[in-house]
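So this one's structure-v3.tsv, TSV, N, CA, C and O atoms:
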```
chain	number	residue	atom	x	y	z
A	1	MET	N	23.15	100.83	53.93
A	1	MET	CA	23.10	100.46	55.32
A	1	MET	C	22.03	99.38	55.50
A	1	MET	O	20.91	99.54	55.05
A	2	SER	N	22.41	98.31	56.19
A	2	SER	CA	21.45	97.23	56.43
A	2	SER	C	20.47	97.65	57.52
A	2	SER	O	20.70	98.61	58.27
A	3	GLU	N	19.38	96.90	57.62
A	3	GLU	CA	18.38	97.21	58.65
A	3	GLU	C	18.97	97.05	60.05
A	3	GLU	O	18.72	97.86	60.94
A	4	SER	N	19.79	96.01	60.25
A	4	SER	CA	20.40	95.83	61.57
A	4	SER	C	21.37	96.97	61.88
A	4	SER	O	21.44	97.44	63.02
A	5	ASP	N	22.11	97.46	60.87
A	5	ASP	CA	23.01	98.60	61.09
A	5	ASP	C	22.23	99.85	61.48
A	5	ASP	O	22.68	100.64	62.31
A	6	ARG	N	21.06	100.02	60.89
A	6	ARG	CA	20.22	101.18	61.22
A	6	ARG	C	19.83	101.13	62.70
A	6	ARG	O	19.93	102.12	63.42
A	7	TYR	N	19.40	99.96	63.17
A	7	TYR	CA	19.04	99.82	64.58
A	7	TYR	C	20.25	99.99	65.49
A	7	TYR	O	20.15	100.57	66.57
A	8	MET	N	21.40	99.50	65.06
A	8	MET	CA	22.62	99.63	65.88
A	8	MET	C	23.01	101.09	66.07
A	8	MET	O	23.65	101.44	67.06
A	9	ALA	N	22.65	101.94	65.14
A	9	ALA	CA	23.01	103.36	65.21
A	9	ALA	C	22.05	104.18	66.07
A	9	ALA	O	22.33	105.34	66.36
A	10	LEU	N	20.94	103.59	66.49
A	10	LEU	CA	19.95	104.33	67.27
A	10	LEU	C	20.42	104.52	68.72
A	10	LEU	O	21.15	103.68	69.26
A	11	PRO	N	19.99	105.61	69.36
A	11	PRO	CA	20.44	105.92	70.72
A	11	PRO	C	19.61	105.21	71.80
A	11	PRO	O	18.77	105.81	72.47
A	12	TYR	N	19.88	103.93	72.00
A	12	TYR	CA	19.18	103.17	73.02
A	12	TYR	C	19.67	103.58	74.42
A	12	TYR	O	20.78	104.07	74.58
A	13	THR	N	18.82	103.33	75.41
A	13	THR	CA	19.16	103.62	76.80
A	13	THR	C	19.96	102.46	77.38
A	13	THR	O	19.47	101.34	77.40
A	14	ILE	N	21.16	102.75	77.84
A	14	ILE	CA	22.04	101.73	78.41
A	14	ILE	C	22.15	101.97	79.92
A	14	ILE	O	22.39	103.08	80.36
A	15	GLU	N	21.99	100.91	80.67
A	15	GLU	CA	22.13	100.97	82.12
A	15	GLU	C	23.23	100.00	82.52
A	15	GLU	O	23.25	98.86	82.06
A	16	VAL	N	24.14	100.46	83.35
A	16	VAL	CA	25.23	99.61	83.86
A	16	VAL	C	25.12	99.57	85.37
A	16	VAL	O	25.01	100.60	86.03
A	17	GLU	N	25.16	98.37	85.89
A	17	GLU	CA	25.01	98.18	87.34
A	17	GLU	C	26.17	97.35	87.87
A	17	GLU	O	26.60	96.40	87.23
A	18	CYS	N	26.65	97.73	89.05
A	18	CYS	CA	27.71	96.97	89.70
A	18	CYS	C	27.66	97.21	91.19
A	18	CYS	O	27.50	98.34	91.64
A	19	ASP	N	27.79	96.14	91.94
A	19	ASP	CA	27.89	96.28	93.40
A	19	ASP	C	29.38	96.37	93.71
A	19	ASP	O	30.06	95.36	93.87
A	20	GLU	N	29.88	97.58	93.77
A	20	GLU	CA	31.31	97.80	93.94
A	20	GLU	C	31.81	97.46	95.34
A	20	GLU	O	33.00	97.50	95.59
A	21	ARG	N	30.90	97.11	96.22
A	21	ARG	CA	31.31	96.70	97.56
A	21	ARG	C	31.86	95.29	97.55
A	21	ARG	O	32.54	94.88	98.48
A	22	ARG	N	31.59	94.56	96.49
A	22	ARG	CA	32.08	93.18	96.38
A	22	ARG	C	33.35	93.16	95.54
A	22	ARG	O	33.38	93.71	94.45
A	23	GLN	N	34.36	92.50	96.03
A	23	GLN	CA	35.64	92.45	95.31
A	23	GLN	C	35.52	91.69	93.99
A	23	GLN	O	36.17	92.04	93.01
A	24	ASP	N	34.65	90.69	93.93
A	24	ASP	CA	34.51	89.86	92.73
A	24	ASP	C	33.33	90.28	91.86
A	24	ASP	O	32.86	89.54	91.02
A	25	ALA	N	32.86	91.50	92.05
A	25	ALA	CA	31.66	91.97	91.35
A	25	ALA	C	31.88	92.13	89.85
A	25	ALA	O	32.94	92.55	89.41
A	26	PHE	N	30.87	91.77	89.10
A	26	PHE	CA	30.84	92.01	87.66
A	26	PHE	C	29.96	93.22	87.39
A	26	PHE	O	29.03	93.49	88.13
A	27	HIS	N	30.27	93.91	86.30
A	27	HIS	CA	29.40	94.98	85.83
A	27	HIS	C	28.39	94.34	84.88
A	27	HIS	O	28.77	93.52	84.04
A	28	VAL	N	27.15	94.69	85.04
A	28	VAL	CA	26.09	94.18	84.18
A	28	VAL	C	25.52	95.35	83.39
A	28	VAL	O	25.10	96.35	83.97
A	29	ALA	N	25.53	95.22	82.06
A	29	ALA	CA	25.01	96.28	81.19
A	29	ALA	C	23.78	95.75	80.46
A	29	ALA	O	23.74	94.58	80.06
A	30	ARG	N	22.79	96.61	80.30
A	30	ARG	CA	21.58	96.20	79.59
A	30	ARG	C	21.05	97.37	78.78
A	30	ARG	O	21.30	98.52	79.10
A	31	ILE	N	20.33	97.01	77.71
A	31	ILE	CA	19.64	98.02	76.91
A	31	ILE	C	18.19	97.97	77.34
A	31	ILE	O	17.51	96.94	77.18
A	32	MET	N	17.72	99.06	77.90
A	32	MET	CA	16.41	99.08	78.52
A	32	MET	C	15.27	98.81	77.53
A	32	MET	O	14.30	98.14	77.88
A	33	GLU	N	15.37	99.29	76.31
A	33	GLU	CA	14.29	99.09	75.33
A	33	GLU	C	14.29	97.69	74.73
A	33	GLU	O	13.30	97.28	74.13
A	34	LEU	N	15.41	96.97	74.84
A	34	LEU	CA	15.50	95.62	74.28
A	34	LEU	C	15.51	94.62	75.44
A	34	LEU	O	16.56	94.18	75.90
A	35	GLU	N	14.33	94.30	75.92
A	35	GLU	CA	14.20	93.44	77.10
A	35	GLU	C	14.94	92.12	76.90
A	35	GLU	O	14.70	91.40	75.93
A	36	GLY	N	15.87	91.84	77.79
A	36	GLY	CA	16.65	90.61	77.70
A	36	GLY	C	18.01	90.80	77.05
A	36	GLY	O	18.81	89.88	77.01
A	37	CYS	N	18.30	91.98	76.55
A	37	CYS	CA	19.59	92.26	75.93
A	37	CYS	C	20.55	92.72	77.03
A	37	CYS	O	20.55	93.89	77.42
A	38	ILE	N	21.34	91.77	77.55
A	38	ILE	CA	22.18	91.99	78.73
A	38	ILE	C	23.56	91.38	78.47
A	38	ILE	O	23.69	90.36	77.81
A	39	ALA	N	24.58	92.02	79.03
A	39	ALA	CA	25.95	91.48	78.97
A	39	ALA	C	26.66	91.85	80.26
A	39	ALA	O	26.20	92.72	81.01
A	40	GLN	N	27.78	91.21	80.52
A	40	GLN	CA	28.53	91.51	81.72
A	40	GLN	C	30.02	91.55	81.43
A	40	GLN	O	30.48	91.03	80.41
A	41	GLY	N	30.75	92.15	82.34
A	41	GLY	CA	32.20	92.21	82.23
A	41	GLY	C	32.82	92.56	83.56
A	41	GLY	O	32.14	93.03	84.47
A	42	ARG	N	34.11	92.35	83.68
A	42	ARG	CA	34.82	92.68	84.92
A	42	ARG	C	34.86	94.18	85.16
A	42	ARG	O	34.89	94.64	86.29
A	43	THR	N	34.88	94.95	84.06
A	43	THR	CA	34.89	96.42	84.15
A	43	THR	C	33.66	96.96	83.41
A	43	THR	O	33.04	96.25	82.62
A	44	GLU	N	33.36	98.22	83.65
A	44	GLU	CA	32.24	98.83	82.94
A	44	GLU	C	32.51	98.86	81.44
A	44	GLU	O	31.62	98.56	80.64
A	45	ALA	N	33.74	99.17	81.06
A	45	ALA	CA	34.09	99.22	79.63
A	45	ALA	C	33.93	97.84	78.98
A	45	ALA	O	33.41	97.74	77.86
A	46	GLU	N	34.35	96.80	79.68
A	46	GLU	CA	34.21	95.44	79.13
A	46	GLU	C	32.73	95.07	79.00
A	46	GLU	O	32.32	94.48	78.00
A	47	ALA	N	31.92	95.43	79.98
A	47	ALA	CA	30.49	95.14	79.92
A	47	ALA	C	29.84	95.86	78.74
A	47	ALA	O	29.02	95.29	78.02
A	48	ARG	N	30.23	97.10	78.51
A	48	ARG	CA	29.68	97.86	77.38
A	48	ARG	C	30.11	97.26	76.04
A	48	ARG	O	29.31	97.20	75.10
A	49	THR	N	31.34	96.82	75.95
A	49	THR	CA	31.82	96.19	74.71
A	49	THR	C	31.06	94.89	74.45
A	49	THR	O	30.62	94.64	73.32
A	50	GLU	N	30.89	94.09	75.47
A	50	GLU	CA	30.14	92.84	75.34
A	50	GLU	C	28.68	93.13	74.98
A	50	GLU	O	28.07	92.40	74.20
A	51	LEU	N	28.13	94.19	75.54
A	51	LEU	CA	26.74	94.55	75.26
A	51	LEU	C	26.56	94.92	73.79
A	51	LEU	O	25.55	94.58	73.17
A	52	ARG	N	27.53	95.57	73.22
A	52	ARG	CA	27.45	95.96	71.80
A	52	ARG	C	27.31	94.71	70.91
A	52	ARG	O	26.50	94.67	69.99
A	53	GLY	N	28.10	93.69	71.18
A	53	GLY	CA	27.99	92.44	70.43
A	53	GLY	C	26.67	91.74	70.67
A	53	GLY	O	26.04	91.23	69.74
A	54	ALA	N	26.22	91.75	71.93
A	54	ALA	CA	24.93	91.14	72.26
A	54	ALA	C	23.79	91.89	71.57
A	54	ALA	O	22.83	91.27	71.09
A	55	GLN	N	23.91	93.20	71.49
A	55	GLN	CA	22.89	94.02	70.84
A	55	GLN	C	22.75	93.64	69.37
A	55	GLN	O	21.64	93.48	68.86
A	56	ARG	N	23.87	93.48	68.68
A	56	ARG	CA	23.82	93.12	67.26
A	56	ARG	C	23.14	91.76	67.07
A	56	ARG	O	22.24	91.61	66.25
A	57	LEU	N	23.54	90.77	67.86
A	57	LEU	CA	22.92	89.44	67.76
A	57	LEU	C	21.44	89.49	68.10
A	57	LEU	O	20.62	88.84	67.45
A	58	PHE	N	21.09	90.25	69.12
A	58	PHE	CA	19.71	90.39	69.56
A	58	PHE	C	18.86	90.97	68.43
A	58	PHE	O	17.80	90.43	68.09
A	59	ILE	N	19.33	92.06	67.85
A	59	ILE	CA	18.59	92.73	66.77
A	59	ILE	C	18.50	91.84	65.53
A	59	ILE	O	17.44	91.70	64.93
A	60	GLU	N	19.61	91.22	65.14
A	60	GLU	CA	19.59	90.36	63.95
A	60	GLU	C	18.65	89.17	64.14
A	60	GLU	O	17.94	88.79	63.21
A	61	THR	N	18.61	88.62	65.34
A	61	THR	CA	17.71	87.50	65.62
A	61	THR	C	16.25	87.95	65.53
A	61	THR	O	15.41	87.25	64.95
A	62	MET	N	15.96	89.11	66.08
A	62	MET	CA	14.59	89.63	65.99
A	62	MET	C	14.19	89.84	64.53
A	62	MET	O	13.09	89.44	64.12
A	63	LEU	N	15.07	90.46	63.76
A	63	LEU	CA	14.77	90.71	62.35
A	63	LEU	C	14.60	89.41	61.58
A	63	LEU	O	13.67	89.28	60.77
A	64	ASP	N	15.48	88.43	61.83
A	64	ASP	CA	15.40	87.13	61.14
A	64	ASP	C	14.09	86.42	61.44
A	64	ASP	O	13.59	85.65	60.61
A	65	ASN	N	13.54	86.66	62.63
A	65	ASN	CA	12.30	85.99	63.05
A	65	ASN	C	11.06	86.84	62.81
A	65	ASN	O	9.97	86.49	63.25
A	66	GLY	N	11.24	87.97	62.15
A	66	GLY	CA	10.10	88.82	61.83
A	66	GLY	C	9.49	89.53	63.02
A	66	GLY	O	8.33	89.93	62.99
A	67	VAL	N	10.28	89.70	64.06
A	67	VAL	CA	9.80	90.37	65.27
A	67	VAL	C	10.12	91.85	65.17
A	67	VAL	O	11.22	92.24	64.76
A	68	LEU	N	9.17	92.69	65.56
A	68	LEU	CA	9.36	94.13	65.54
A	68	LEU	C	10.43	94.52	66.56
A	68	LEU	O	10.34	94.15	67.73
A	69	VAL	N	11.46	95.25	66.13
A	69	VAL	CA	12.53	95.70	67.01
A	69	VAL	C	12.10	97.02	67.63
A	69	VAL	O	11.81	97.98	66.91
A	70	PRO	N	12.04	97.09	68.97
A	70	PRO	CA	11.66	98.35	69.61
A	70	PRO	C	12.68	99.46	69.31
A	70	PRO	O	13.88	99.20	69.24
A	71	GLU	N	12.18	100.66	69.15
A	71	GLU	CA	13.06	101.81	68.94
A	71	GLU	C	13.31	102.47	70.29
A	71	GLU	O	12.59	102.21	71.25
A	72	PRO	N	14.33	103.31	70.38
A	72	PRO	CA	14.60	103.99	71.64
A	72	PRO	C	13.38	104.80	72.11
A	72	PRO	O	12.62	105.31	71.29
A	73	THR	N	13.23	104.89	73.41
A	73	THR	CA	12.08	105.61	73.97
A	73	THR	C	12.31	107.11	73.99
A	73	THR	O	11.38	107.87	74.15
A	74	ASP	N	13.54	107.54	73.83
A	74	ASP	CA	13.89	108.95	73.87
A	74	ASP	C	14.74	109.27	72.65
A	74	ASP	O	15.43	108.40	72.13
A	75	SER	N	14.71	110.49	72.20
A	75	SER	CA	15.49	110.87	71.03
A	75	SER	C	16.96	111.11	71.37
A	75	SER	O	17.78	111.28	70.49
A	76	ARG	N	17.29	111.13	72.66
A	76	ARG	CA	18.67	111.34	73.08
A	76	ARG	C	19.25	110.05	73.63
A	76	ARG	O	18.57	109.30	74.31
A	77	ALA	N	20.52	109.82	73.36
A	77	ALA	CA	21.19	108.66	73.94
A	77	ALA	C	21.29	108.87	75.45
A	77	ALA	O	21.58	109.96	75.91
A	78	THR	N	21.03	107.83	76.19
A	78	THR	CA	21.08	107.91	77.64
A	78	THR	C	21.96	106.79	78.17
A	78	THR	O	21.84	105.67	77.74
A	79	ALA	N	22.83	107.14	79.06
A	79	ALA	CA	23.63	106.13	79.74
A	79	ALA	C	23.55	106.45	81.22
A	79	ALA	O	23.68	107.60	81.62
A	80	ARG	N	23.30	105.44	82.01
A	80	ARG	CA	23.25	105.68	83.44
A	80	ARG	C	23.89	104.53	84.18
A	80	ARG	O	23.88	103.40	83.72
A	81	ARG	N	24.45	104.86	85.30
A	81	ARG	CA	25.11	103.88	86.13
A	81	ARG	C	24.27	103.72	87.39
A	81	ARG	O	23.89	104.71	88.01
A	82	VAL	N	24.01	102.51	87.76
A	82	VAL	CA	23.16	102.23	88.92
A	82	VAL	C	24.00	101.55	89.98
A	82	VAL	O	24.75	100.64	89.70
A	83	SER	N	23.86	102.02	91.21
A	83	SER	CA	24.52	101.38	92.35
A	83	SER	C	23.45	100.85	93.28
A	83	SER	O	22.49	101.55	93.57
A	84	PRO	N	23.60	99.61	93.73
A	84	PRO	CA	22.60	99.05	94.63
A	84	PRO	C	22.55	99.85	95.94
A	84	PRO	O	23.57	100.31	96.43
A	85	SER	N	21.36	99.99	96.50
A	85	SER	CA	21.21	100.76	97.73
A	85	SER	C	21.19	99.86	98.97
A	85	SER	O	21.40	100.33	100.06
A	86	SER	N	20.91	98.59	98.77
A	86	SER	CA	20.86	97.69	99.92
A	86	SER	C	22.16	96.90	100.04
A	86	SER	O	22.81	96.62	99.05
A	87	PRO	N	22.52	96.54	101.25
A	87	PRO	CA	23.76	95.76	101.44
A	87	PRO	C	23.66	94.40	100.76
A	87	PRO	O	22.59	93.80	100.71
A	88	SER	N	24.77	93.92	100.25
A	88	SER	CA	24.77	92.59	99.63
A	88	SER	C	24.86	91.52	100.71
A	88	SER	O	25.44	91.74	101.76
A	89	PRO	N	24.26	90.35	100.44
A	89	PRO	CA	24.29	89.27	101.43
A	89	PRO	C	25.70	88.77	101.62
A	89	PRO	O	26.52	88.77	100.72
A	90	ALA	N	25.98	88.32	102.80
A	90	ALA	CA	27.32	87.81	103.13
A	90	ALA	C	27.57	86.46	102.53
A	90	ALA	O	26.75	85.75	102.15
```
How does the structure come out when it is put into structure tokens?
Amino acid sequence: MSESDRYMALPYTIEVECDERRQDAFHVARIMELEGCIAQGRTEAEARTELRGAQRLFIETMLDNGVLVPEPTDSRATARRVSPSSPSPA
């Protein structure tokens, strides 16, 4: 198993956000421990799939540049969905 594969198998915290009040809204998925590792999609499933590819590139780039890759903050995989609480601008 490569070092990037090892990191890919870790249970990172994934957050998916979407303002479902908007007809043209995109779902935005991010890995909380990997600051800047973000992807989007028309559906939550598409955003998660795109995030998986972004995660691999993110981790491989960090490793190639000798940057320490953060490990998950919790020993359990966490997934949460966030809904905005304030109205979106018109």
Top pick for closest residue to A:Val16, considering A:Asp64, A:Glu33, A:Asp74, A:Glu44 and counting all atoms listed in the file: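 Under the stated criterion, the closest residue is A:Glu44.
For stretch 65-73 of chain A, the list of residues within 9 Å, based on only C-alpha atoms and with local chain neighbours fewer than 3 positions off taken out, reads A:Tyr7, A:Leu10, A:Pro11, A:Tyr12, A:Thr13, A:Met32, A:Glu33, A:Leu34, A:Ile59, A:Glu60, A:Thr61, A:Met62, A:Arg76, A:Ala77.
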Atom CA of A:Asp24 to atom N of A:Ile38, straight-line distance in Å: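 These atoms are spaced 20.2 Å apart.
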Interatomic distance (Å, one decimal) between atom CA of A:Glu17 and atom O of A:Ser4: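 Separating atom CA of A:Glu17 from atom O of A:Ser4 is a distance of 24.6 Å.
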Length of the atom O of A:Arg21 to atom N of A:Gly53 vector [Å]: 27.7 Å
Within 8 Å of file point (21.5, 88.7, 76.1), counting all atoms listed in the file, expressed as a list in words: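 Counting all atoms listed in the file, I find these residues within 8 Å of (21.5, 88.7, 76.1): Ala29, Leu34, Glu35, Gly36, Cys37, Ile38, Ala39, Glu50, Leu51, Ala54, Gln55 and Phe58 of chain A.
Closest approach to A:Ala25 among A:Leu57, A:Ala47, A:Met1, A:Leu63: A:Ala47, based on only C-alpha atoms.
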Picked from stretch 31-83 of chain A by DSSP as alpha helix (DSSP H), as a list of chain:residue names: A:Glu44, A:Ala45, A:Glu46, A:Ala47, A:Arg48, A:Thr49, A:Glu50, A:Leu51, A:Arg52, A:Gly53, A:Ala54, A:Gln55, A:Arg56, A:Leu57, A:Phe58, A:Ile59, A:Glu60, A:Thr61, A:Met62, A:Leu63, A:Asp64
Residue nearest A:Ile31 among A:Arg56, A:Arg6, A:Thr49, A:Ile14 (counting only C-alpha atoms):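 For A:Ile31, the nearest of the candidates is A:Ile14.
DSSP secondary structure from the backbone places Thr13, Ile14, Glu15, Val16, Glu17, His27, Val28, Ala29, Arg30, Ile31, Ile38, Ala39, Gln40, Gly41, Thr78, Ala79, Arg80, Arg81 and Val82 of chain A of chain A in strand (DSSP E or B).
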